[in-house]
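*Asks:* Quick one, structure.cif (mmCIF, C-alpha atoms):
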data_run
loop_
_atom_site.label_atom_id
_atom_site.label_comp_id
_atom_site.auth_asym_id
_atom_site.auth_seq_id
_atom_site.Cartn_x
_atom_site.Cartn_y
_atom_site.Cartn_z
CA MET C 102 14.23 7.53 -9.11
CA GLY C 103 12.04 5.68 -6.66
CA LYS C 104 10.05 2.53 -7.13
CA ILE C 105 6.38 2.25 -6.23
CA LEU C 106 5.95 -0.45 -3.59
CA VAL C 107 2.35 -1.50 -3.01
CA HIS C 108 1.37 -3.18 0.26
CA GLU C 109 -1.97 -4.97 0.53
CA PHE C 110 -3.78 -7.19 2.99
CA MET C 111 -5.64 -9.63 0.76
CA SER C 112 -8.05 -12.51 1.15
CA LEU C 113 -7.48 -15.70 -0.83
CA ASP C 114 -10.14 -14.58 -3.31
CA GLY C 115 -8.40 -11.23 -3.86
CA VAL C 116 -10.48 -8.88 -1.69
CA ILE C 117 -8.52 -5.91 -0.32
CA ASP C 118 -11.18 -4.05 1.68
CA ALA C 119 -10.50 -2.61 5.16
CA PRO C 120 -8.58 -5.53 6.69
CA VAL C 121 -10.43 -5.86 10.00
CA TRP C 122 -10.88 -9.54 9.12
CA THR C 123 -7.12 -10.10 9.56
CA ALA C 124 -7.27 -9.53 13.33
CA ASP C 125 -8.02 -13.21 14.06
CA TYR C 126 -4.61 -14.12 12.61
CA GLY C 127 -2.55 -11.72 14.69
CA TRP C 128 0.67 -9.99 13.71
CA THR C 129 4.00 -11.81 13.70
CA GLU C 130 7.55 -10.64 14.25
CA ARG C 131 8.33 -11.74 10.69
CA MET C 132 5.62 -9.41 9.37
CA THR C 133 7.27 -6.56 11.25
CA GLU C 134 10.62 -7.46 9.66
CA ILE C 135 9.11 -7.59 6.18
CA PHE C 136 7.36 -4.26 6.39
CA SER C 137 10.18 -2.54 8.22
CA GLY C 138 12.36 -3.49 5.27
CA ILE C 139 9.87 -1.94 2.86
CA THR C 140 9.30 1.26 4.84
CA GLU C 141 13.04 1.76 5.47
CA ARG C 142 13.53 1.99 1.69
CA SER C 143 10.72 4.51 1.32
CA SER C 144 11.05 8.28 1.41
CA ASP C 145 7.42 9.00 0.50
CA ILE C 146 3.94 7.61 1.04
CA LEU C 147 1.30 7.75 -1.71
CA LEU C 148 -2.33 7.16 -0.78
CA GLY C 149 -5.78 7.48 -2.24
CA ARG C 150 -8.21 9.72 -0.37
CA THR C 151 -10.17 6.98 1.39
CA THR C 152 -7.10 5.21 2.77
CA PHE C 153 -5.52 8.56 3.64
CA GLU C 154 -8.58 9.56 5.67
CA MET C 155 -8.59 6.21 7.51
CA PHE C 156 -4.88 6.53 8.29
CA ALA C 157 -5.25 10.21 9.30
CA GLN C 158 -7.78 9.14 11.94
CA SER C 159 -5.60 6.44 13.46
CA TRP C 160 -1.89 7.30 13.05
CA PRO C 161 -1.32 10.95 14.11
CA ASP C 162 -1.67 10.29 17.84
CA ARG C 163 0.37 7.09 17.86
CA THR C 164 3.94 7.08 19.09
CA VAL C 165 6.74 4.58 18.62
CA GLU C 166 5.77 3.15 22.02
CA ASP C 167 2.26 2.44 20.66
CA ASP C 168 3.45 1.07 17.33
CA PRO C 169 6.96 0.87 15.84
CA GLY C 170 5.53 2.07 12.51
CA ALA C 171 4.26 5.37 13.93
CA PRO C 172 7.34 7.46 13.07
CA PHE C 173 7.25 6.28 9.46
CA PHE C 174 3.57 7.07 8.96
CA ASN C 175 3.66 10.36 10.84
CA ASP C 176 6.99 11.82 9.74
CA THR C 177 7.22 10.69 6.12
CA ILE C 178 6.05 12.94 3.28
CA LYS C 179 2.56 11.88 2.26
CA HIS C 180 1.02 12.52 -1.17
CA VAL C 181 -2.76 12.14 -1.45
CA VAL C 182 -4.42 11.49 -4.78
CA SER C 183 -7.80 13.20 -4.54
CA SER C 184 -10.00 15.54 -6.52
CA THR C 185 -12.08 16.41 -3.43
CA LEU C 186 -9.66 16.73 -0.50
CA THR C 187 -8.13 20.19 -0.30
CA ASP C 188 -6.46 20.80 3.05
CA PRO C 189 -5.19 17.66 4.79
CA ALA C 190 -4.46 18.28 8.48
CA TRP C 191 -2.11 15.31 9.01
CA ARG C 192 1.43 16.67 9.06
CA ASN C 193 3.67 16.29 6.01
CA SER C 194 0.64 15.72 3.75
CA THR C 195 -0.10 17.30 0.39
CA VAL C 196 -2.83 16.72 -2.18
CA VAL C 197 -1.49 16.00 -5.68
CA SER C 198 -4.88 16.32 -7.45
CA GLY C 199 -7.04 13.61 -8.94
CA TYR C 200 -5.32 10.64 -10.53
CA ASP C 201 -2.89 11.60 -13.26
CA ALA C 202 -0.30 9.03 -14.38
CA GLU C 203 2.14 11.79 -15.34
CA VAL C 204 1.98 13.30 -11.84
CA ILE C 205 2.79 9.86 -10.39
CA ARG C 206 5.69 9.47 -12.84
CA GLN C 207 7.05 12.83 -11.65
CA LEU C 208 6.75 11.73 -8.00
CA LYS C 209 8.75 8.60 -8.85
CA ALA C 210 11.35 10.61 -10.72
CA HIS C 211 11.92 13.03 -7.84
CA ALA C 212 11.67 10.63 -4.89
CA THR C 213 14.86 10.21 -2.86
CA GLY C 214 13.80 6.66 -1.96
CA ASP C 215 10.95 4.36 -2.85
CA ILE C 216 7.27 5.30 -2.60
CA TYR C 217 5.13 3.22 -0.23
CA VAL C 218 1.46 2.67 -1.06
CA SER C 219 -0.93 0.89 1.29
CA GLY C 220 -4.52 -0.05 0.52
CA SER C 221 -5.77 2.63 -1.88
CA GLY C 222 -7.42 0.11 -4.20
CA THR C 223 -8.72 2.57 -6.80
CA LEU C 224 -5.33 4.28 -7.01
CA VAL C 225 -3.43 0.97 -7.18
CA ARG C 226 -5.68 -0.41 -9.93
CA ALA C 227 -5.09 2.76 -11.99
CA MET C 228 -1.32 2.61 -11.43
CA LEU C 229 -1.25 -1.07 -12.38
CA ALA C 230 -3.11 -0.28 -15.61
CA ASP C 231 -0.58 2.47 -16.36
CA GLY C 232 2.46 0.31 -15.58
CA LEU C 233 3.54 2.42 -12.59
CA VAL C 234 3.69 -0.29 -9.89
CA ASP C 235 7.13 -1.84 -9.42
CA GLU C 236 6.44 -4.29 -6.58
CA ILE C 237 3.37 -5.74 -4.86
CA HIS C 238 3.87 -6.88 -1.28
CA ALA C 239 0.77 -8.79 -0.24
CA LEU C 240 -0.15 -10.55 2.95
CA VAL C 241 -2.59 -13.18 1.70
CA TYR C 242 -4.90 -14.70 4.30
CA PRO C 243 -6.48 -18.17 4.01
CA VAL C 244 -10.01 -16.84 4.02
CA THR C 245 -12.45 -15.87 1.30
CA ARG C 246 -14.56 -12.73 1.51
CA GLY C 247 -16.94 -13.32 -1.38
CA GLU C 248 -17.66 -9.68 -2.11
CA GLY C 249 -15.57 -6.57 -1.89
CA PRO C 250 -13.02 -4.58 -3.83
CA ARG C 251 -10.28 -6.64 -5.41
CA LEU C 252 -6.69 -5.82 -6.24
CA PHE C 253 -7.34 -6.39 -9.94
CA ALA C 254 -10.49 -5.06 -11.57
CA PRO C 255 -12.62 -7.61 -13.45
CA ASP C 256 -11.87 -5.78 -16.70
CA ALA C 257 -8.10 -5.45 -16.06
CA ALA C 258 -5.86 -6.34 -18.97
CA PRO C 259 -4.06 -9.67 -18.60
CA GLY C 260 -0.58 -9.36 -17.15
CA ALA C 261 2.36 -11.45 -16.00
CA PHE C 262 4.24 -11.22 -12.73
CA THR C 263 7.36 -12.73 -11.25
CA PHE C 264 7.28 -13.99 -7.68
CA ALA C 265 10.32 -12.61 -5.89
CA THR C 266 9.18 -14.11 -2.56
CA VAL C 267 6.47 -16.54 -1.50
CA GLU C 268 6.71 -17.24 2.21
CA PRO C 269 4.23 -18.95 4.54
CA LEU C 270 3.99 -17.16 7.88
CA ALA C 271 3.51 -18.60 11.37
CA ASN C 272 0.03 -17.07 11.68
CA GLY C 273 -1.32 -18.93 8.62
CA ALA C 274 -1.02 -16.04 6.17
CA ALA C 275 1.46 -15.95 3.30
CA TYR C 276 3.74 -13.12 2.24
CA ILE C 277 4.00 -12.64 -1.50
CA ASP C 278 6.34 -10.17 -3.16
CA CYS C 279 5.69 -10.03 -6.88
CA ARG C 280 6.91 -7.82 -9.71
CA PRO C 281 5.08 -6.97 -12.92
CA GLN C 282 6.89 -8.29 -15.99
CA PRO C 283 7.48 -5.75 -18.75
#
What would the structure in this file look like if it were written as C-alpha coordinates?

*Replies:*
Amino acid sequence: MGKILVHEFMSLDGVIDAPVWTADYGWTERMTEIFSGITERSSDILLGRTTFEMFAQSWPDRTVEDDPGAPFFNDTIKHVVSSTLTDPAWRNSTVVSGYDAEVIRQLKAHATGDIYVSGSGTLVRAMLADGLVDEIHALVYPVTRGEGPRLFAPDAAPGAFTFATVEPLANGAAYIDCRPQP
(Lines of atoms letter the chains of each structure in order from A and count residues from 1; the text may use other names and numbers.)
(Lines give C-alpha, C1' and ligand atoms only; values in the text may rest on other atoms or scores of the structure.)
Protein backbone atom coordinates (compact mmCIF):
# COMPACT_ATOMS: atom_id res chain seq x y z
CA MET A 1 0.00 0.00 0.00
CA GLY A 2 1.39 3.36 -1.00
CA LYS A 3 1.33 6.62 0.87
CA ILE A 4 0.13 9.87 -0.68
CA LEU A 5 2.97 12.39 -0.66
CA VAL A 6 1.89 15.95 -1.44
CA HIS A 7 4.45 18.46 -2.70
CA GLU A 8 3.62 22.17 -2.69
CA PHE A 9 5.38 25.45 -3.32
CA MET A 10 3.81 27.78 -0.77
CA SER A 11 4.05 31.41 0.21
CA LEU A 12 4.29 32.34 3.88
CA ASP A 13 0.58 33.19 3.88
CA GLY A 14 -0.32 29.76 2.47
CA VAL A 15 -0.89 30.54 -1.22
CA ILE A 16 -0.12 27.62 -3.55
CA ASP A 17 -0.91 29.09 -6.97
CA ALA A 18 1.35 28.56 -10.02
CA PRO A 19 4.75 29.11 -8.39
CA VAL A 20 6.29 31.54 -10.88
CA TRP A 21 7.00 33.80 -7.90
CA THR A 22 9.58 31.29 -6.61
CA ALA A 23 11.98 31.98 -9.50
CA ASP A 24 13.69 34.86 -7.67
CA TYR A 25 14.87 32.39 -5.02
CA GLY A 26 16.46 29.88 -7.37
CA TRP A 27 16.74 26.14 -6.93
CA THR A 28 19.32 24.59 -4.61
CA GLU A 29 21.13 21.27 -4.66
CA ARG A 30 19.45 20.45 -1.35
CA MET A 31 16.03 20.90 -2.96
CA THR A 32 17.05 18.41 -5.64
CA GLU A 33 18.09 15.95 -2.92
CA ILE A 34 14.82 16.38 -1.05
CA PHE A 35 12.58 15.86 -4.04
CA SER A 36 14.69 13.10 -5.54
CA GLY A 37 14.14 11.25 -2.28
CA ILE A 38 10.39 11.72 -2.58
CA THR A 39 10.13 10.79 -6.25
CA GLU A 40 12.39 7.73 -5.83
CA ARG A 41 9.82 6.32 -3.38
CA SER A 42 6.95 6.97 -5.78
CA SER A 43 5.56 4.55 -8.34
CA ASP A 44 2.64 6.75 -9.39
CA ILE A 45 1.74 10.40 -9.88
CA LEU A 46 -1.72 11.73 -9.02
CA LEU A 47 -2.75 15.12 -10.36
CA GLY A 48 -5.81 17.29 -10.72
CA ARG A 49 -6.74 18.33 -14.25
CA THR A 50 -5.34 21.87 -14.12
CA THR A 51 -1.92 20.82 -12.81
CA PHE A 52 -1.88 17.86 -15.20
CA GLU A 53 -2.50 20.15 -18.18
CA MET A 54 0.27 22.54 -17.06
CA PHE A 55 2.70 19.63 -16.61
CA ALA A 56 1.64 18.04 -19.93
CA GLN A 57 2.65 21.26 -21.70
CA SER A 58 6.09 21.48 -20.13
CA TRP A 59 7.42 17.99 -19.29
CA PRO A 60 6.92 15.68 -22.33
CA ASP A 61 9.71 17.23 -24.40
CA ARG A 62 12.21 17.49 -21.55
CA THR A 63 15.03 15.01 -21.21
CA VAL A 64 17.28 14.15 -18.29
CA GLU A 65 19.83 16.54 -19.81
CA ASP A 66 17.26 19.37 -19.55
CA ASP A 67 16.08 18.44 -16.07
CA PRO A 68 16.99 15.46 -13.85
CA GLY A 69 13.29 15.09 -12.98
CA ALA A 70 12.21 14.51 -16.58
CA PRO A 71 12.35 10.70 -16.51
CA PHE A 72 10.19 10.59 -13.37
CA PHE A 73 7.51 12.89 -14.76
CA ASN A 74 7.50 11.37 -18.23
CA ASP A 75 7.87 7.66 -17.48
CA THR A 76 5.87 7.27 -14.27
CA ILE A 77 2.21 6.21 -14.36
CA LYS A 78 0.04 9.30 -14.07
CA HIS A 79 -3.54 9.32 -12.77
CA VAL A 80 -5.62 12.42 -13.51
CA VAL A 81 -8.65 13.30 -11.43
CA SER A 82 -11.03 15.01 -13.83
CA SER A 83 -14.66 14.90 -14.86
CA THR A 84 -13.92 16.77 -18.12
CA LEU A 85 -10.63 15.39 -19.48
CA THR A 86 -11.16 12.24 -21.53
CA ASP A 87 -8.10 11.38 -23.59
CA PRO A 88 -4.80 12.62 -22.14
CA ALA A 89 -2.01 12.56 -24.74
CA TRP A 90 0.92 12.57 -22.28
CA ARG A 91 2.29 9.04 -22.15
CA ASN A 92 1.45 6.78 -19.20
CA SER A 93 -1.57 8.94 -18.29
CA THR A 94 -5.08 7.80 -17.44
CA VAL A 95 -8.16 9.66 -16.23
CA VAL A 96 -9.66 8.20 -13.05
CA SER A 97 -12.91 10.24 -13.19
CA GLY A 98 -13.98 13.14 -11.02
CA TYR A 99 -12.91 13.13 -7.39
CA ASP A 100 -13.99 10.03 -5.51
CA ALA A 101 -12.30 9.22 -2.19
CA GLU A 102 -12.87 5.49 -2.72
CA VAL A 103 -11.08 5.58 -6.08
CA ILE A 104 -8.11 7.28 -4.38
CA ARG A 105 -8.14 4.66 -1.61
CA GLN A 106 -8.00 1.95 -4.29
CA LEU A 107 -5.05 3.68 -5.99
CA LYS A 108 -3.23 3.73 -2.63
CA ALA A 109 -4.05 0.08 -1.99
CA HIS A 110 -2.70 -1.07 -5.35
CA ALA A 111 0.33 1.21 -5.69
CA THR A 112 3.70 -0.55 -5.71
CA GLY A 113 5.30 2.54 -4.17
CA ASP A 114 4.12 5.88 -2.89
CA ILE A 115 1.92 8.27 -4.86
CA TYR A 116 3.37 11.70 -5.64
CA VAL A 117 1.02 14.69 -5.87
CA SER A 118 2.20 18.15 -6.92
CA GLY A 119 0.11 21.31 -6.90
CA SER A 120 -3.45 20.17 -7.59
CA GLY A 121 -4.93 22.36 -4.86
CA THR A 122 -8.57 21.33 -5.29
CA LEU A 123 -7.63 17.65 -5.27
CA VAL A 124 -5.31 18.04 -2.27
CA ARG A 125 -7.91 19.94 -0.23
CA ALA A 126 -10.45 17.16 -0.91
CA MET A 127 -7.95 14.44 0.02
CA LEU A 128 -7.01 16.28 3.21
CA ALA A 129 -10.69 16.51 4.16
CA ASP A 130 -11.05 12.76 3.55
CA GLY A 131 -7.91 11.82 5.49
CA LEU A 132 -6.08 10.47 2.44
CA VAL A 133 -2.88 12.56 2.61
CA ASP A 134 -0.01 10.88 4.46
CA GLU A 135 2.72 13.51 4.10
CA ILE A 136 2.94 17.16 3.02
CA HIS A 137 6.29 18.28 1.65
CA ALA A 138 6.19 22.05 1.32
CA LEU A 139 8.76 24.54 0.18
CA VAL A 140 7.67 27.66 2.04
CA TYR A 141 8.96 30.97 0.68
CA PRO A 142 9.40 34.14 2.77
CA VAL A 143 6.93 36.13 0.73
CA THR A 144 3.22 36.83 1.06
CA ARG A 145 0.88 36.71 -1.92
CA GLY A 146 -2.24 38.22 -0.39
CA GLU A 147 -4.72 36.50 -2.66
CA GLY A 148 -4.78 33.13 -4.30
CA PRO A 149 -5.66 29.53 -3.61
CA ARG A 150 -4.44 28.20 -0.30
CA LEU A 151 -3.45 24.73 0.80
CA PHE A 152 -6.23 24.69 3.39
CA ALA A 153 -9.68 25.99 2.53
CA PRO A 154 -11.09 28.68 4.85
CA ASP A 155 -13.83 26.26 5.93
CA ALA A 156 -11.47 23.28 6.47
CA ALA A 157 -11.99 21.36 9.67
CA PRO A 158 -9.31 21.96 12.31
CA GLY A 159 -6.52 19.40 12.25
CA ALA A 160 -3.20 18.59 13.89
CA PHE A 161 0.08 17.77 12.20
CA THR A 162 3.48 16.56 13.26
CA PHE A 163 6.57 18.20 11.80
CA ALA A 164 8.91 15.45 10.64
CA THR A 165 11.35 18.00 9.16
CA VAL A 166 11.70 21.78 9.30
CA GLU A 167 14.81 22.88 7.45
CA PRO A 168 15.90 26.35 6.35
CA LEU A 169 17.41 26.30 2.87
CA ALA A 170 20.29 28.34 1.45
CA ASN A 171 17.98 30.25 -0.91
CA GLY A 172 15.84 31.65 1.93
CA ALA A 173 12.98 29.16 1.62
CA ALA A 174 12.21 26.49 4.20
CA TYR A 175 11.46 22.82 3.65
CA ILE A 176 8.68 21.45 5.82
CA ASP A 177 7.68 17.80 5.92
CA CYS A 178 4.58 17.34 8.04
CA ARG A 179 2.23 14.44 8.72
CA PRO A 180 -1.44 14.61 9.64
CA GLN A 181 -2.11 13.23 13.11
CA PRO A 182 -4.89 10.65 13.33

*Asks:* Using all atoms listed in the file, find the one residue out of C:Arg163, C:Lys104, C:Arg131, C:His238 that sits nearest to C:Ile146.

*Replies:* C:Lys104

*Asks:* Pull the neighbourhood of (-6.0, 20.1, -1.3) for me: all residues within 7 Å in file coordinates, counting only C-alpha atoms, as a PyMOL selection string.

*Replies:* chain C and resi 186-189+195-196

*Asks:* Rank C:Gly222, C:Gly199, C:Gly138, C:Gly232 by their smallest atom-to-atom distance to C:Phe253, using only C-alpha atoms, and report the top residue only.

*Replies:*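 Smallest separation from C:Phe253 among the options: C:Gly222.
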
*Asks:* Report the distance between atom CA of C:Ser159 and atom CA of C:Gln207 in Å, rounded to one decimal place.

*Replies:*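 These two atoms are separated by 28.8 Å.
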
*Asks:* Could you give me, as a VMD selection string, the residues within 10 Å of C:Val218, counting all atoms listed in the file and dropping anything in the same chain fewer than 4 positions from it?

*Replies:* chain C and resid 105 to 109 140 143 145 to 149 152 179 to 180 222 224 to 225 234 237 to 238

*Asks:* Quick check on the file I pasted: which residues fall under the PyMOL selection byres ((chain C and resi 121-126) around 10)? Write them as a list in words.

*Replies:*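 Selected by the PyMOL selection byres ((chain C and resi 121-126) around 10) in this file: Phe110, Met111, Ser112, Asp118, Ala119, Pro120, Gly127, Trp128, Thr129, Leu240, Val241, Tyr242, Pro243, Val244, Arg246, Ala271, Asn272, Gly273 and Ala274 of chain C.
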
*Asks:* With a distance cut-off of 7 Å and only C-alpha atoms, select the neighbouring residues of C:Arg251, excluding the residue or stretch itself and same-chain residues fewer than 2 positions from it, and output the selection as number ranges by chain.

*Replies:* C: 115-117, 249, 253-254
